[in-house]
Amino acid sequence: MRDAEGWFSVIGVDLDAEPGAHRAELTFSYADGRVRTQTEIIDVQSKEFPTTRLTVEPKYVELSEENEARAAREREEINAIYDELTAEAYWTEPFTVPIPGTTGGRNFGHRRIFNEQPRNPHSGADLKATNGTEIFAANRGRVVLAKNLFFSGNAVFIDHGLGVYTVYLHLSEILVEAGAMVERGELIGLAGATGRVTGPHLHWGVRVLDARVDPFSLIGLGE
Ligand SMILES: [Zn+2]
């Protein structure tokens with residue numbers, strides 16, 4: 001990205017990254033064909049995320065064979081999406097919050113342990129919404145998935161290019177189709193409580209080069 005002082009790059013640090021020094025190799029490709037690489041050390045600080053331990057009846061956490069198989073298929077499909085790297089940025093403006101006026105979300109990084117079995121940490125932020133709250137694309141990009149998923153319910157995934165993806169889960173309605181380009185702020189769906197959730201909200205997630213980052217960390221970049 002570029003601002004008044006010059007070019008800068010953004011690297012996502014996954015919520016499970018080990019604290020300490022990480023090497024990042026930057027490659028600069030110039031218009032005249034020269035290529036230069038430079039290694040930077042990034043010092044990852046530790047951060048504690050809350051953990052909740054729950055004991056529940058096994059029937060609430062164990063899936064049927066059929067649902068287990070469906071969830072596994074969908075995981076593969078999603079991983080294949082994140083494995084794709086679109087070499088150009090589709091966006092030209094800063095990212096925005098999908099529910100205008102919302103300043104924060106709950107539960108990013110929250111770990112839940114059901115009957116001593118740790119679940120994947122919560123990889124997005126849950127934004128307050130009611131059934132039917134309008135959800136807008138956080139930035140320009142291509143819709144790469146728009147359908148019902150077992151855990152996530154009605155889901156929209158947007159590829160913004162350069163390895164940046166935003167996801168919008170548990171929608172009551174999906175208003176875009178896979179393959180379509182959407183503009184920043186375009187209506188893409190309505191909030192709901194589809195999938196494995198207890199009440200209506202928007203789960204908003206962001207991936208940056210496969211790192212799960214707090215979606216709100218994108219807000220304000222490039223402004
Ligand atoms: Zn969530």
# chains A, B, ... in the order shown; residues from 1 in each chain; ligands from 1
>>> residues_near_ligand(ligand="ligand 1", cutoff="6 Å", atoms="only C-alpha atoms and all ligand atoms", output="JSON, numbers by chain")
{"A": [124, 125, 126, 203]}
>>> write_last_selection(atoms="C-alpha atoms", output="short mmCIF file (atom, residue, chain, number, x, y, z; two decimals), in the first residue's frame")
data_model
loop_
_atom_site.label_atom_id
_atom_site.label_comp_id
_atom_site.auth_asym_id
_atom_site.auth_seq_id
_atom_site.Cartn_x
_atom_site.Cartn_y
_atom_site.Cartn_z
CA GLY A 124 -13.19 -13.55 13.94
CA ALA A 125 -15.13 -10.88 15.79
CA ASP A 126 -18.82 -11.18 16.60
CA HIS A 203 -19.33 -13.22 12.61
#
>>> residues_around(residues="Tyr90 (chain A)", least_positions_apart="5", cutoff="8 Å", atoms="only C-alpha atoms", output="VMD selection string")
chain A and resid 140 to 142 160 to 161
>>> closest_residue(among="A:Asp3, A:Glu18, A:Glu76, A:Glu186", to="Thr96 (chain A)", atoms="only C-alpha atoms")
A:Glu186
>>> residues_around(residues="Ala193 (chain A)", least_positions_apart="6", cutoff="8 Å", atoms="only C-alpha atoms", output="list in words")
Asn131, Gly153, His170, Leu171, Ser172, Gly199, Pro200 and His201 of chain A
>>> residues_around(residues="region 215-223 of chain A", least_positions_apart="4", cutoff="12 Å", atoms="only C-alpha atoms", output="VMD selection string")
chain A and resid 1 to 15 91 to 98 100 102 to 109 122 to 127 138 to 139 164 to 168 203 to 208 211
>>> select_by_dssp(residues="chain A", states="strand (DSSP E)", output="ChimeraX atom specification")
/A:2-3,6-7,20-29,35-44,51-54,111-114,117-118,124-128,134-136,141-149,153-161,164-171,173-174,181-182,187-190,201-208,211-213
>>> residues_around(residues="Ala24 (chain A)", least_positions_apart="6", cutoff="10 Å", atoms="only C-alpha atoms", output="ChimeraX atom specification")
/A:11,38-42
>>> write_last_selection(atoms="all heavy atoms", output="PDB file, in the first residue's frame")
ATOM      1  N   ILE A  11       1.645  -7.205   7.129  1.00  0.00           N
ATOM      2  CA  ILE A  11       1.785  -8.646   7.333  1.00  0.00           C
ATOM      3  C   ILE A  11       0.827  -9.046   8.451  1.00  0.00           C
ATOM      4  O   ILE A  11       0.751  -8.371   9.478  1.00  0.00           O
ATOM      5  CB  ILE A  11       3.235  -9.001   7.725  1.00  0.00           C
ATOM      6  CG1 ILE A  11       4.180  -8.674   6.565  1.00  0.00           C
ATOM      7  CG2 ILE A  11       3.343 -10.479   8.110  1.00  0.00           C
ATOM      8  CD1 ILE A  11       5.637  -8.896   6.890  1.00  0.00           C
ATOM      9  N   GLN A  38      15.049  -8.403   1.079  1.00  0.00           N
ATOM     10  CA  GLN A  38      15.509  -7.833   2.338  1.00  0.00           C
ATOM     11  C   GLN A  38      14.828  -8.614   3.458  1.00  0.00           C
ATOM     12  O   GLN A  38      13.649  -8.917   3.371  1.00  0.00           O
ATOM     13  CB  GLN A  38      15.060  -6.367   2.357  1.00  0.00           C
ATOM     14  CG  GLN A  38      15.441  -5.593   3.589  1.00  0.00           C
ATOM     15  CD  GLN A  38      14.968  -4.136   3.461  1.00  0.00           C
ATOM     16  OE1 GLN A  38      14.954  -3.546   2.378  1.00  0.00           O
ATOM     17  NE2 GLN A  38      14.542  -3.575   4.581  1.00  0.00           N
ATOM     18  N   THR A  39      15.605  -8.975   4.489  1.00  0.00           N
ATOM     19  CA  THR A  39      15.019  -9.730   5.599  1.00  0.00           C
ATOM     20  C   THR A  39      14.775  -8.798   6.778  1.00  0.00           C
ATOM     21  O   THR A  39      15.645  -8.016   7.144  1.00  0.00           O
ATOM     22  CB  THR A  39      15.959 -10.879   6.012  1.00  0.00           C
ATOM     23  OG1 THR A  39      16.163 -11.701   4.871  1.00  0.00           O
ATOM     24  CG2 THR A  39      15.348 -11.712   7.119  1.00  0.00           C
ATOM     25  N   GLU A  40      13.599  -8.885   7.314  1.00  0.00           N
ATOM     26  CA  GLU A  40      13.251  -8.076   8.488  1.00  0.00           C
ATOM     27  C   GLU A  40      12.927  -9.033   9.629  1.00  0.00           C
ATOM     28  O   GLU A  40      12.413 -10.123   9.407  1.00  0.00           O
ATOM     29  CB  GLU A  40      11.994  -7.241   8.201  1.00  0.00           C
ATOM     30  CG  GLU A  40      12.151  -6.172   7.141  1.00  0.00           C
ATOM     31  CD  GLU A  40      12.922  -4.952   7.635  1.00  0.00           C
ATOM     32  OE1 GLU A  40      12.944  -4.733   8.870  1.00  0.00           O
ATOM     33  OE2 GLU A  40      13.492  -4.243   6.789  1.00  0.00           O
ATOM     34  N   ILE A  41      13.257  -8.626  10.846  1.00  0.00           N
ATOM     35  CA  ILE A  41      12.859  -9.413  12.008  1.00  0.00           C
ATOM     36  C   ILE A  41      11.629  -8.750  12.634  1.00  0.00           C
ATOM     37  O   ILE A  41      11.640  -7.557  12.925  1.00  0.00           O
ATOM     38  CB  ILE A  41      14.000  -9.477  13.056  1.00  0.00           C
ATOM     39  CG1 ILE A  41      15.255 -10.118  12.441  1.00  0.00           C
ATOM     40  CG2 ILE A  41      13.551 -10.235  14.308  1.00  0.00           C
ATOM     41  CD1 ILE A  41      15.088 -11.557  11.997  1.00  0.00           C
ATOM     42  N   ILE A  42      10.586  -9.537  12.787  1.00  0.00           N
ATOM     43  CA  ILE A  42       9.362  -9.022  13.406  1.00  0.00           C
ATOM     44  C   ILE A  42       9.244  -9.630  14.792  1.00  0.00           C
ATOM     45  O   ILE A  42       9.290 -10.852  14.949  1.00  0.00           O
ATOM     46  CB  ILE A  42       8.137  -9.365  12.540  1.00  0.00           C
ATOM     47  CG1 ILE A  42       8.250  -8.618  11.199  1.00  0.00           C
ATOM     48  CG2 ILE A  42       6.845  -8.999  13.261  1.00  0.00           C
ATOM     49  CD1 ILE A  42       7.216  -8.999  10.207  1.00  0.00           C
TER      50      ILE A  42
END
>>> residues_around(residues="Val143 (chain A)", least_positions_apart="3", cutoff="6 Å", atoms="only C-alpha atoms", output="count of residues only")
5
>>> residues_around(residues="Phe114 (chain A)", least_positions_apart="5", cutoff="12 Å", atoms="only C-alpha atoms", output="list of chain:residue names")
A:Thr51, A:Thr52, A:Arg53, A:Leu54, A:Thr55, A:Val56, A:Glu57, A:Pro58, A:Lys59, A:Tyr60, A:Val61, A:Glu62, A:Arg119, A:Asn120
>>> atom_distance(atom1="CA of Thr37 (chain A)", atom2="CA of Thr86 (chain A)")
20.9 Å
>>> atom_distance(atom1="CA of Ala21 (chain A)", atom2="CA of Arg111 (chain A)")
24.3 Å
>>> select_by_dssp(residues="region 26-182 of chain A", states="helix (DSSP H, G or I)", output="list in words")
Pro58, Lys59, Tyr60, Glu65, Glu66, Asn67, Glu68, Ala69, Arg70, Ala71, Ala72, Arg73, Glu74, Arg75, Glu76, Glu77, Ile78, Asn79, Ala80, Ile81, Tyr82 and Asp83 of chain A
>>> closest_residue(among="A:Ala191, A:Asn67, A:Asp83, A:Glu177", to="Leu162 (chain A)", atoms="only C-alpha atoms")
A:Asp83
>>> closest_residue(among="A:Asn148, A:Gly163, A:Glu134, A:Gln45", to="Leu190 (chain A)", atoms="only C-alpha atoms")
A:Glu134
>>> closest_residue(among="A:Val35, A:Ala87, A:Val44, A:Leu209", to="Arg23 (chain A)", atoms="only C-alpha atoms")
A:Val44
>>> atom_distance(atom1="CA of Ala155 (chain A)", atom2="CA of Leu169 (chain A)")
4.5 Å
